[in-house]
file data-v7.txt (compact mmCIF, N, CA, C and O atoms)
# COMPACT_ATOMS: atom_id res chain seq x y z
N MET A 155 -19.94 22.14 -27.75
CA MET A 155 -20.03 21.35 -26.53
C MET A 155 -18.67 21.30 -25.85
O MET A 155 -17.65 21.11 -26.50
N GLU A 156 -18.65 21.44 -24.54
CA GLU A 156 -17.41 21.44 -23.78
C GLU A 156 -16.93 20.01 -23.58
O GLU A 156 -17.71 19.11 -23.32
N SER A 157 -15.62 19.80 -23.70
CA SER A 157 -15.08 18.47 -23.50
C SER A 157 -14.88 18.19 -22.01
O SER A 157 -15.00 19.08 -21.17
N THR A 158 -14.59 16.93 -21.69
CA THR A 158 -14.31 16.52 -20.32
C THR A 158 -12.80 16.29 -20.23
O THR A 158 -12.32 15.25 -20.64
N PRO A 159 -12.05 17.26 -19.72
CA PRO A 159 -10.60 17.12 -19.72
C PRO A 159 -10.11 16.04 -18.76
O PRO A 159 -10.70 15.83 -17.70
N ARG A 160 -9.06 15.35 -19.15
CA ARG A 160 -8.38 14.39 -18.28
C ARG A 160 -7.49 15.17 -17.33
O ARG A 160 -6.68 15.96 -17.79
N ILE A 161 -7.68 14.93 -16.05
CA ILE A 161 -6.83 15.61 -15.07
C ILE A 161 -6.35 14.62 -14.02
O ILE A 161 -6.82 13.48 -13.97
N SER A 162 -5.44 15.08 -13.18
CA SER A 162 -5.01 14.34 -12.01
C SER A 162 -5.07 15.30 -10.82
O SER A 162 -5.42 16.48 -10.97
N CYS A 163 -4.75 14.81 -9.65
CA CYS A 163 -4.90 15.59 -8.42
C CYS A 163 -4.32 17.01 -8.50
O CYS A 163 -4.99 17.95 -8.10
N PRO A 164 -3.10 17.20 -9.04
CA PRO A 164 -2.54 18.56 -9.04
C PRO A 164 -3.35 19.59 -9.85
O PRO A 164 -3.19 20.79 -9.66
N TYR A 165 -4.23 19.13 -10.73
CA TYR A 165 -5.00 20.04 -11.58
C TYR A 165 -6.39 20.35 -11.03
O TYR A 165 -7.11 21.17 -11.60
N LEU A 166 -6.79 19.71 -9.94
CA LEU A 166 -8.16 19.86 -9.43
C LEU A 166 -8.57 21.31 -9.22
O LEU A 166 -9.67 21.71 -9.60
N ASP A 167 -7.67 22.12 -8.62
CA ASP A 167 -8.07 23.50 -8.29
C ASP A 167 -8.32 24.36 -9.52
O ASP A 167 -8.98 25.39 -9.43
N SER A 168 -7.86 23.94 -10.69
CA SER A 168 -8.11 24.69 -11.93
C SER A 168 -9.45 24.33 -12.57
O SER A 168 -9.84 24.94 -13.55
N TYR A 169 -10.14 23.33 -12.02
CA TYR A 169 -11.36 22.83 -12.67
C TYR A 169 -12.57 22.80 -11.73
O TYR A 169 -13.54 22.08 -11.98
N VAL A 170 -12.57 23.59 -10.67
CA VAL A 170 -13.71 23.63 -9.75
C VAL A 170 -14.97 24.02 -10.52
O VAL A 170 -14.95 24.96 -11.33
N GLY A 171 -16.04 23.26 -10.31
CA GLY A 171 -17.31 23.54 -10.98
C GLY A 171 -17.42 22.95 -12.36
O GLY A 171 -18.43 23.12 -13.03
N ARG A 172 -16.38 22.24 -12.82
CA ARG A 172 -16.39 21.66 -14.17
C ARG A 172 -16.36 20.15 -14.11
O ARG A 172 -15.87 19.56 -13.14
N ASN A 173 -16.85 19.51 -15.16
CA ASN A 173 -16.76 18.07 -15.27
C ASN A 173 -15.37 17.69 -15.78
O ASN A 173 -14.84 18.34 -16.68
N VAL A 174 -14.81 16.64 -15.19
CA VAL A 174 -13.48 16.17 -15.54
C VAL A 174 -13.46 14.64 -15.58
O VAL A 174 -14.39 13.99 -15.10
N MET A 175 -12.38 14.09 -16.13
CA MET A 175 -12.13 12.66 -16.10
C MET A 175 -10.84 12.42 -15.32
O MET A 175 -9.83 13.08 -15.59
N VAL A 176 -10.89 11.50 -14.38
CA VAL A 176 -9.72 11.14 -13.57
C VAL A 176 -9.55 9.63 -13.65
O VAL A 176 -10.51 8.88 -13.49
N VAL A 177 -8.31 9.19 -13.90
CA VAL A 177 -7.99 7.77 -13.83
C VAL A 177 -6.96 7.60 -12.73
O VAL A 177 -5.95 8.31 -12.70
N GLY A 178 -7.22 6.68 -11.82
CA GLY A 178 -6.28 6.45 -10.72
C GLY A 178 -6.55 5.10 -10.07
O GLY A 178 -7.42 4.35 -10.49
N LYS A 179 -5.77 4.83 -9.03
CA LYS A 179 -5.88 3.56 -8.30
C LYS A 179 -6.72 3.77 -7.05
O LYS A 179 -6.47 4.69 -6.27
N VAL A 180 -7.72 2.93 -6.86
CA VAL A 180 -8.59 3.01 -5.69
C VAL A 180 -7.78 2.54 -4.47
O VAL A 180 -7.33 1.39 -4.43
N VAL A 181 -7.57 3.44 -3.51
CA VAL A 181 -6.79 3.07 -2.32
C VAL A 181 -7.67 2.88 -1.09
O VAL A 181 -7.24 2.24 -0.12
N GLN A 182 -8.90 3.40 -1.11
CA GLN A 182 -9.79 3.22 0.03
C GLN A 182 -11.23 3.39 -0.41
O GLN A 182 -11.54 4.24 -1.24
N LEU A 183 -12.10 2.56 0.14
CA LEU A 183 -13.55 2.70 -0.05
C LEU A 183 -14.19 2.78 1.33
O LEU A 183 -13.88 1.97 2.20
N ARG A 184 -15.06 3.78 1.52
CA ARG A 184 -15.77 3.92 2.80
C ARG A 184 -17.15 4.47 2.49
O ARG A 184 -17.29 5.65 2.18
N GLY A 185 -18.15 3.60 2.59
CA GLY A 185 -19.52 4.04 2.29
C GLY A 185 -19.61 4.50 0.85
O GLY A 185 -19.24 3.78 -0.07
N ASP A 186 -20.09 5.74 0.66
CA ASP A 186 -20.23 6.27 -0.70
C ASP A 186 -19.04 7.13 -1.10
O ASP A 186 -19.14 7.95 -2.02
N GLN A 187 -17.90 6.95 -0.42
CA GLN A 187 -16.69 7.69 -0.78
C GLN A 187 -15.57 6.74 -1.15
O GLN A 187 -15.45 5.66 -0.59
N ALA A 188 -14.75 7.20 -2.08
CA ALA A 188 -13.53 6.47 -2.43
C ALA A 188 -12.38 7.45 -2.40
O ALA A 188 -12.55 8.64 -2.69
N ILE A 189 -11.21 6.95 -2.05
CA ILE A 189 -9.98 7.71 -2.21
C ILE A 189 -9.26 7.07 -3.38
O ILE A 189 -9.00 5.86 -3.38
N VAL A 190 -8.96 7.89 -4.38
CA VAL A 190 -8.31 7.41 -5.61
C VAL A 190 -6.98 8.14 -5.75
O VAL A 190 -6.93 9.37 -5.67
N ASP A 191 -5.91 7.37 -5.94
CA ASP A 191 -4.59 7.96 -6.13
C ASP A 191 -4.39 8.26 -7.61
O ASP A 191 -4.25 7.35 -8.43
N ALA A 192 -4.42 9.54 -7.94
CA ALA A 192 -4.19 10.02 -9.31
C ALA A 192 -3.14 11.12 -9.21
O ALA A 192 -3.47 12.30 -9.20
N ASP A 193 -1.88 10.72 -9.04
CA ASP A 193 -0.77 11.67 -8.77
C ASP A 193 -1.09 12.49 -7.51
O ASP A 193 -0.82 13.68 -7.45
N GLY A 194 -1.67 11.84 -6.52
CA GLY A 194 -2.12 12.46 -5.28
C GLY A 194 -3.51 11.94 -4.98
O GLY A 194 -4.22 11.48 -5.89
N ASN A 195 -3.93 11.98 -3.73
CA ASN A 195 -5.23 11.42 -3.36
C ASN A 195 -6.38 12.35 -3.70
O ASN A 195 -6.36 13.53 -3.37
N VAL A 196 -7.38 11.78 -4.36
CA VAL A 196 -8.60 12.49 -4.74
C VAL A 196 -9.75 11.81 -4.01
O VAL A 196 -9.89 10.59 -4.06
N THR A 197 -10.58 12.61 -3.33
CA THR A 197 -11.78 12.08 -2.69
C THR A 197 -12.92 12.10 -3.70
O THR A 197 -13.20 13.14 -4.30
N ALA A 198 -13.55 10.94 -3.88
CA ALA A 198 -14.64 10.82 -4.84
C ALA A 198 -15.92 10.47 -4.10
O ALA A 198 -15.95 9.52 -3.31
N HIS A 199 -16.98 11.26 -4.32
CA HIS A 199 -18.31 10.97 -3.77
C HIS A 199 -19.03 10.14 -4.84
O HIS A 199 -19.40 10.67 -5.89
N LEU A 200 -19.21 8.86 -4.56
CA LEU A 200 -19.71 7.91 -5.54
C LEU A 200 -21.23 7.94 -5.64
O LEU A 200 -21.92 8.29 -4.68
N ASN A 201 -21.72 7.53 -6.81
CA ASN A 201 -23.16 7.34 -6.98
C ASN A 201 -23.48 5.87 -6.74
O ASN A 201 -22.59 5.04 -6.55
N ARG A 202 -24.76 5.53 -6.75
CA ARG A 202 -25.17 4.15 -6.45
C ARG A 202 -24.70 3.14 -7.48
O ARG A 202 -24.59 1.96 -7.19
N GLU A 203 -24.41 3.59 -8.68
CA GLU A 203 -24.00 2.68 -9.75
C GLU A 203 -22.52 2.32 -9.67
O GLU A 203 -22.05 1.48 -10.42
N ALA A 204 -21.78 2.97 -8.76
CA ALA A 204 -20.34 2.73 -8.67
C ALA A 204 -20.06 1.37 -8.05
O ALA A 204 -20.58 1.04 -6.99
N HIS A 205 -19.23 0.58 -8.73
CA HIS A 205 -18.80 -0.72 -8.22
C HIS A 205 -17.29 -0.79 -8.39
O HIS A 205 -16.79 -1.35 -9.36
N LEU A 206 -16.58 -0.20 -7.44
CA LEU A 206 -15.13 -0.13 -7.50
C LEU A 206 -14.53 -1.09 -6.48
O LEU A 206 -15.18 -1.46 -5.51
N SER A 207 -13.27 -1.48 -6.72
CA SER A 207 -12.57 -2.38 -5.81
C SER A 207 -11.24 -1.77 -5.42
O SER A 207 -10.51 -1.24 -6.27
N VAL A 208 -10.89 -1.87 -4.13
CA VAL A 208 -9.61 -1.37 -3.65
C VAL A 208 -8.48 -2.10 -4.38
O VAL A 208 -8.52 -3.32 -4.55
N GLY A 209 -7.50 -1.33 -4.83
CA GLY A 209 -6.36 -1.90 -5.55
C GLY A 209 -6.52 -1.87 -7.06
O GLY A 209 -5.54 -2.02 -7.78
N ASN A 210 -7.74 -1.69 -7.53
CA ASN A 210 -7.98 -1.63 -8.97
C ASN A 210 -7.88 -0.20 -9.48
O ASN A 210 -8.03 0.75 -8.72
N GLY A 211 -7.68 -0.08 -10.77
CA GLY A 211 -7.77 1.22 -11.41
C GLY A 211 -9.22 1.60 -11.58
O GLY A 211 -10.10 0.74 -11.64
N ALA A 212 -9.48 2.90 -11.65
CA ALA A 212 -10.84 3.38 -11.87
C ALA A 212 -10.80 4.62 -12.74
O ALA A 212 -9.89 5.44 -12.63
N GLN A 213 -11.78 4.72 -13.63
CA GLN A 213 -12.00 5.94 -14.40
C GLN A 213 -13.24 6.60 -13.84
O GLN A 213 -14.30 6.00 -13.77
N LEU A 214 -13.07 7.85 -13.41
CA LEU A 214 -14.17 8.61 -12.84
C LEU A 214 -14.46 9.82 -13.71
O LEU A 214 -13.54 10.50 -14.15
N ILE A 215 -15.73 10.07 -13.96
CA ILE A 215 -16.15 11.30 -14.61
C ILE A 215 -17.09 11.98 -13.63
O ILE A 215 -18.02 11.37 -13.11
N GLY A 216 -16.77 13.24 -13.32
CA GLY A 216 -17.59 13.94 -12.36
C GLY A 216 -17.23 15.41 -12.25
O GLY A 216 -16.33 15.89 -12.94
N LYS A 217 -17.94 16.10 -11.38
CA LYS A 217 -17.78 17.53 -11.20
C LYS A 217 -16.88 17.81 -10.01
O LYS A 217 -17.05 17.23 -8.94
N VAL A 218 -15.94 18.73 -10.19
CA VAL A 218 -15.02 19.10 -9.11
C VAL A 218 -15.73 20.06 -8.16
O VAL A 218 -16.21 21.12 -8.57
N ASN A 219 -15.80 19.67 -6.90
CA ASN A 219 -16.41 20.48 -5.86
C ASN A 219 -15.43 21.54 -5.35
O ASN A 219 -14.21 21.40 -5.52
N PRO A 220 -15.95 22.61 -4.69
CA PRO A 220 -15.06 23.64 -4.14
C PRO A 220 -14.00 23.10 -3.17
O PRO A 220 -12.91 23.65 -3.06
N ASP A 221 -14.30 21.98 -2.49
CA ASP A 221 -13.31 21.38 -1.56
C ASP A 221 -12.34 20.45 -2.29
O ASP A 221 -11.56 19.73 -1.67
N LEU A 222 -12.38 20.46 -3.64
CA LEU A 222 -11.52 19.68 -4.53
C LEU A 222 -11.82 18.18 -4.50
O LEU A 222 -11.03 17.38 -5.00
N SER A 223 -12.96 17.79 -3.94
CA SER A 223 -13.43 16.42 -4.10
C SER A 223 -14.19 16.36 -5.43
O SER A 223 -14.42 17.39 -6.07
N ILE A 224 -14.56 15.16 -5.84
CA ILE A 224 -15.29 14.99 -7.10
C ILE A 224 -16.62 14.32 -6.83
O ILE A 224 -16.68 13.28 -6.15
N LYS A 225 -17.70 14.92 -7.33
CA LYS A 225 -19.02 14.30 -7.29
C LYS A 225 -19.13 13.45 -8.55
O LYS A 225 -19.26 13.98 -9.66
N VAL A 226 -19.03 12.14 -8.38
CA VAL A 226 -18.94 11.22 -9.50
C VAL A 226 -20.28 11.07 -10.20
O VAL A 226 -21.31 10.82 -9.57
N LEU A 227 -20.26 11.25 -11.53
CA LEU A 227 -21.43 11.03 -12.36
C LEU A 227 -21.41 9.63 -12.96
O LEU A 227 -22.44 8.99 -13.10
N SER A 228 -20.20 9.17 -13.33
CA SER A 228 -20.06 7.79 -13.82
C SER A 228 -18.67 7.29 -13.45
O SER A 228 -17.72 8.07 -13.33
N SER A 229 -18.58 5.98 -13.27
CA SER A 229 -17.31 5.37 -12.92
C SER A 229 -17.19 4.01 -13.60
O SER A 229 -18.19 3.35 -13.86
N VAL A 230 -15.94 3.63 -13.87
CA VAL A 230 -15.65 2.33 -14.48
C VAL A 230 -14.50 1.71 -13.71
O VAL A 230 -13.46 2.35 -13.53
N ASP A 231 -14.68 0.46 -13.27
CA ASP A 231 -13.59 -0.29 -12.65
C ASP A 231 -12.73 -0.82 -13.79
O ASP A 231 -13.20 -1.54 -14.66
N LEU A 232 -11.45 -0.43 -13.79
CA LEU A 232 -10.54 -0.80 -14.88
C LEU A 232 -9.72 -2.05 -14.57
O LEU A 232 -8.88 -2.45 -15.37
N GLY A 233 -9.93 -2.64 -13.40
CA GLY A 233 -9.20 -3.85 -13.05
C GLY A 233 -7.78 -3.55 -12.59
O GLY A 233 -7.45 -2.44 -12.20
N THR A 234 -6.92 -4.57 -12.68
CA THR A 234 -5.56 -4.46 -12.12
C THR A 234 -4.49 -4.16 -13.16
O THR A 234 -3.36 -3.89 -12.80
N GLY A 235 -4.81 -4.21 -14.43
CA GLY A 235 -3.79 -4.08 -15.47
C GLY A 235 -3.58 -2.66 -15.98
O GLY A 235 -3.24 -2.47 -17.14
N VAL A 236 -3.77 -1.66 -15.13
CA VAL A 236 -3.69 -0.26 -15.57
C VAL A 236 -2.24 0.22 -15.50
O VAL A 236 -1.56 0.05 -14.50
N ASP A 237 -1.78 0.85 -16.57
CA ASP A 237 -0.45 1.46 -16.61
C ASP A 237 -0.60 2.91 -16.14
O ASP A 237 -0.92 3.80 -16.92
N PHE A 238 -0.37 3.13 -14.84
CA PHE A 238 -0.58 4.46 -14.27
C PHE A 238 0.45 5.47 -14.77
O PHE A 238 0.17 6.66 -14.82
N ASN A 239 1.64 5.00 -15.15
CA ASN A 239 2.62 5.92 -15.75
C ASN A 239 2.10 6.46 -17.07
O ASN A 239 2.26 7.63 -17.38
N LEU A 240 1.47 5.59 -17.85
CA LEU A 240 0.88 6.03 -19.12
C LEU A 240 -0.26 7.03 -18.86
O LEU A 240 -0.37 8.04 -19.56
N CYS A 241 -1.08 6.76 -17.85
CA CYS A 241 -2.17 7.68 -17.50
C CYS A 241 -1.61 9.05 -17.14
O CYS A 241 -2.13 10.08 -17.57
N HIS A 242 -0.54 9.08 -16.33
CA HIS A 242 0.10 10.33 -15.93
C HIS A 242 0.62 11.08 -17.16
O HIS A 242 0.40 12.28 -17.30
N THR A 243 1.29 10.35 -18.05
CA THR A 243 1.84 10.96 -19.26
C THR A 243 0.73 11.55 -20.13
O THR A 243 0.86 12.66 -20.65
N LEU A 244 -0.38 10.84 -20.25
CA LEU A 244 -1.49 11.32 -21.06
C LEU A 244 -2.07 12.62 -20.48
O LEU A 244 -2.36 13.57 -21.21
N VAL A 245 -2.21 12.68 -19.15
CA VAL A 245 -2.70 13.91 -18.51
C VAL A 245 -1.74 15.06 -18.81
O VAL A 245 -2.16 16.16 -19.19
N GLU A 246 -0.43 14.82 -18.64
CA GLU A 246 0.55 15.88 -18.88
C GLU A 246 0.52 16.34 -20.34
O GLU A 246 0.55 17.54 -20.62
N LEU A 247 0.45 15.41 -21.28
CA LEU A 247 0.37 15.78 -22.70
C LEU A 247 -0.89 16.56 -23.01
O LEU A 247 -0.87 17.52 -23.78
N THR A 248 -2.01 16.15 -22.40
CA THR A 248 -3.27 16.85 -22.60
C THR A 248 -3.15 18.31 -22.19
O THR A 248 -3.65 19.20 -22.87
N HIS A 249 -2.44 18.58 -21.09
CA HIS A 249 -2.33 19.94 -20.60
C HIS A 249 -1.24 20.74 -21.32
O HIS A 249 -1.33 21.96 -21.41
N GLN A 250 -0.25 20.06 -21.88
CA GLN A 250 0.77 20.75 -22.67
C GLN A 250 0.24 21.13 -24.05
O GLN A 250 0.71 22.09 -24.64
N HIS A 251 -0.72 20.37 -24.54
CA HIS A 251 -1.25 20.59 -25.90
C HIS A 251 -2.78 20.70 -25.84
O HIS A 251 -3.49 19.98 -26.53
N LYS A 252 -3.27 21.63 -25.03
CA LYS A 252 -4.72 21.78 -24.81
C LYS A 252 -5.48 21.96 -26.12
O LYS A 252 -6.60 21.49 -26.25
N ASN A 253 -4.89 22.66 -27.07
CA ASN A 253 -5.60 22.92 -28.33
C ASN A 253 -5.94 21.63 -29.07
O ASN A 253 -6.87 21.60 -29.86
N LEU A 254 -5.21 20.54 -28.82
CA LEU A 254 -5.50 19.27 -29.48
C LEU A 254 -6.55 18.44 -28.73
O LEU A 254 -7.24 17.64 -29.33
N PHE A 255 -6.64 18.64 -27.39
CA PHE A 255 -7.44 17.75 -26.58
C PHE A 255 -8.67 18.37 -25.95
O PHE A 255 -9.63 17.68 -25.64
N VAL A 256 -8.65 19.67 -25.70
CA VAL A 256 -9.72 20.30 -24.94
C VAL A 256 -10.46 21.30 -25.81
O VAL A 256 -9.85 22.22 -26.35
N SER A 257 -11.77 21.11 -25.93
CA SER A 257 -12.57 22.12 -26.63
C SER A 257 -13.46 22.79 -25.58
O SER A 257 -14.05 22.14 -24.75
N GLU A 258 -13.50 24.10 -25.62
CA GLU A 258 -14.28 24.85 -24.64
C GLU A 258 -15.31 25.69 -25.37
O GLU A 258 -15.18 26.90 -25.48
N GLY A 259 -16.32 25.02 -25.90
CA GLY A 259 -17.40 25.71 -26.58
C GLY A 259 -16.91 26.40 -27.85
O GLY A 259 -16.11 25.89 -28.59
N SER A 260 -17.39 27.62 -28.09
CA SER A 260 -17.10 28.34 -29.32
C SER A 260 -15.66 28.77 -29.42
O SER A 260 -15.15 29.03 -30.50
N ALA A 261 -14.94 28.84 -28.29
CA ALA A 261 -13.54 29.26 -28.32
C ALA A 261 -12.67 28.26 -29.07
O ALA A 261 -11.62 28.61 -29.59
N ALA A 262 -13.12 27.00 -29.17
CA ALA A 262 -12.33 25.97 -29.84
C ALA A 262 -12.12 26.29 -31.32
O ALA A 262 -11.11 25.91 -31.90
N GLY A 263 -13.06 26.96 -31.92
CA GLY A 263 -12.96 27.25 -33.34
C GLY A 263 -12.22 28.54 -33.65
O GLY A 263 -11.98 28.87 -34.80
N ALA A 264 -11.84 29.27 -32.63
CA ALA A 264 -11.18 30.55 -32.84
C ALA A 264 -9.75 30.36 -33.37
O ALA A 264 -9.08 29.42 -33.00
N ALA A 265 -9.33 31.24 -34.24
CA ALA A 265 -7.98 31.17 -34.79
C ALA A 265 -6.98 31.61 -33.73
O ALA A 265 -7.26 32.47 -32.93
N HIS A 266 -5.80 30.99 -33.77
CA HIS A 266 -4.76 31.34 -32.79
C HIS A 266 -3.71 32.22 -33.40
O HIS A 266 -3.33 32.08 -34.51

call {"tool": "encode", "arguments": {"input": "data-v7.txt", "output": "structure tokens"}}
result
Amino acid sequence: MESTPRISCPYLDSYVGRNVMVVGKVVQLRGDQAIVDADGNVTAHLNREAHLSVGNGAQLIGKVNPDLSIKVLSSVDLGTGVDFNLCHTLVELTHQHKNLFVSEGSAAGAAH
């Protein structure tokens, strides 16, 4: 089974068509769209179950569209106590050490 990698805005273009996890600060809500700051602004197309608040942190899981927006499958309002520096560091560590964090089907078991 493929994992859901943690990414931020600069990594979006590497994950088009894949499910990802993004944690960031909600900076704007307009209808069924949110703008989330995750080391850059990410446009999120929300589902009906999304209950986010401007200024709060949010965890989004969704598919990256060709225009680099995210079609949200699930979202969690994380409130105001989010350490965004820690979130940034976790994304960077995840990408520096992919073999520890990301499994991509059968390739995960292959010897290096």

call {"tool": "atom_distance", "arguments": {"input": "data-v7.txt", "atom1": "CA of Val190 (chain A)", "atom2": "CA of Ser223 (chain A)"}}
result
10.5 Å

call {"tool": "residues_around", "arguments": {"input": "data-v7.txt", "residues": "region 195-198 of chain A", "least_positions_apart": "6", "cutoff": "4.5 Å", "atoms": "only N, CA, C and O atoms", "output": "PyMOL selection string"}}
result
chain A and resi 186-189+223-224

call {"tool": "atom_distance", "arguments": {"input": "data-v7.txt", "atom1": "CA of Lys179 (chain A)", "atom2": "CA of Ala192 (chain A)"}}
result
6.8 Å

call {"tool": "select_by_dssp", "arguments": {"input": "data-v7.txt", "residues": "chain A", "states": "strand (DSSP E or B)", "output": "ChimeraX atom specification"}}
result
/A:160-161,170,173-184,187-191,195-199,211-218,224-233

call {"tool": "atom_distance", "arguments": {"input": "data-v7.txt", "atom1": "atom C of Val177 (chain A)", "atom2": "atom O of Asp191 (chain A)"}}
result
5.1 Å

call {"tool": "residues_around", "arguments": {"input": "data-v7.txt", "residues": "Asn201 (chain A)", "least_positions_apart": "5", "cutoff": "8 Å", "atoms": "only C-alpha atoms", "output": "list in words"}}
result
Asp186, Val226, Leu227 and Ser228 of chain A

call {"tool": "closest_residue", "arguments": {"input": "data-v7.txt", "among": "A:Lys217, A:His242, A:His199, A:His205", "to": "Val174 (chain A)", "atoms": "all atoms listed in the file"}}
result
A:Lys217

call {"tool": "decode", "arguments": {"input": "data-v7.txt", "residues": "region 232-240 of chain A", "atoms": "all heavy atoms", "output": "CSV table (one decimal), in the first residue's frame"}}
result
chain,number,residue,atom,x,y,z
A,232,LEU,N,-6.8,22.0,13.4
A,232,LEU,CA,-5.8,21.8,14.5
A,232,LEU,C,-5.8,22.8,15.5
A,232,LEU,O,-5.0,22.8,16.5
A,232,LEU,CB,-4.4,21.6,13.9
A,232,LEU,CG,-4.3,20.4,12.9
A,232,LEU,CD1,-2.9,20.5,12.2
A,232,LEU,CD2,-4.5,19.1,13.5
A,233,GLY,N,-6.6,23.9,15.4
A,233,GLY,CA,-6.7,24.9,16.4
A,233,GLY,C,-5.5,25.9,16.2
A,233,GLY,O,-4.9,26.0,15.2
A,234,THR,N,-5.2,26.6,17.3
A,234,THR,CA,-4.2,27.7,17.2
A,234,THR,C,-2.8,27.3,17.7
A,234,THR,O,-1.9,28.1,17.6
A,234,THR,CB,-4.7,28.9,18.0
A,234,THR,OG1,-5.0,28.6,19.4
A,234,THR,CG2,-6.0,29.5,17.4
A,235,GLY,N,-2.7,26.2,18.4
A,235,GLY,CA,-1.4,25.9,19.0
A,235,GLY,C,-0.5,25.1,18.2
A,235,GLY,O,0.3,24.3,18.7
A,236,VAL,N,-0.5,25.3,16.9
A,236,VAL,CA,0.4,24.5,15.9
A,236,VAL,C,1.8,25.1,15.8
A,236,VAL,O,1.9,26.3,15.6
A,236,VAL,CB,-0.3,24.4,14.5
A,236,VAL,CG1,0.6,23.6,13.6
A,236,VAL,CG2,-1.7,23.8,14.6
A,237,ASP,N,2.8,24.3,16.0
A,237,ASP,CA,4.2,24.7,15.8
A,237,ASP,C,4.5,24.5,14.3
A,237,ASP,O,4.9,23.4,13.9
A,237,ASP,CB,5.1,23.9,16.7
A,237,ASP,CG,6.5,24.3,16.6
A,237,ASP,OD1,6.9,25.0,15.6
A,237,ASP,OD2,7.3,24.0,17.5
A,238,PHE,N,4.4,25.6,13.5
A,238,PHE,CA,4.6,25.4,12.1
A,238,PHE,C,6.0,25.2,11.7
A,238,PHE,O,6.4,24.6,10.7
A,238,PHE,CB,4.0,26.6,11.3
A,238,PHE,CG,2.5,26.7,11.4
A,238,PHE,CD1,1.9,27.6,12.2
A,238,PHE,CD2,1.7,25.8,10.7
A,238,PHE,CE1,0.5,27.7,12.3
A,238,PHE,CE2,0.3,25.8,10.8
A,238,PHE,CZ,-0.3,26.8,11.6
A,239,ASN,N,7.0,25.7,12.6
A,239,ASN,CA,8.4,25.4,12.3
A,239,ASN,C,8.6,23.9,12.5
A,239,ASN,O,9.4,23.3,11.7
A,239,ASN,CB,9.3,26.2,13.3
A,239,ASN,CG,9.3,27.6,13.0
A,239,ASN,OD1,9.3,28.0,11.8
A,239,ASN,ND2,9.4,28.5,14.0
A,240,LEU,N,8.0,23.3,13.4
A,240,LEU,CA,8.1,21.8,13.6
A,240,LEU,C,7.5,21.1,12.4
A,240,LEU,O,8.1,20.1,11.9
A,240,LEU,CB,7.4,21.4,14.9
A,240,LEU,CG,7.5,19.9,15.2
A,240,LEU,CD1,9.0,19.4,15.4
A,240,LEU,CD2,6.7,19.6,16.4
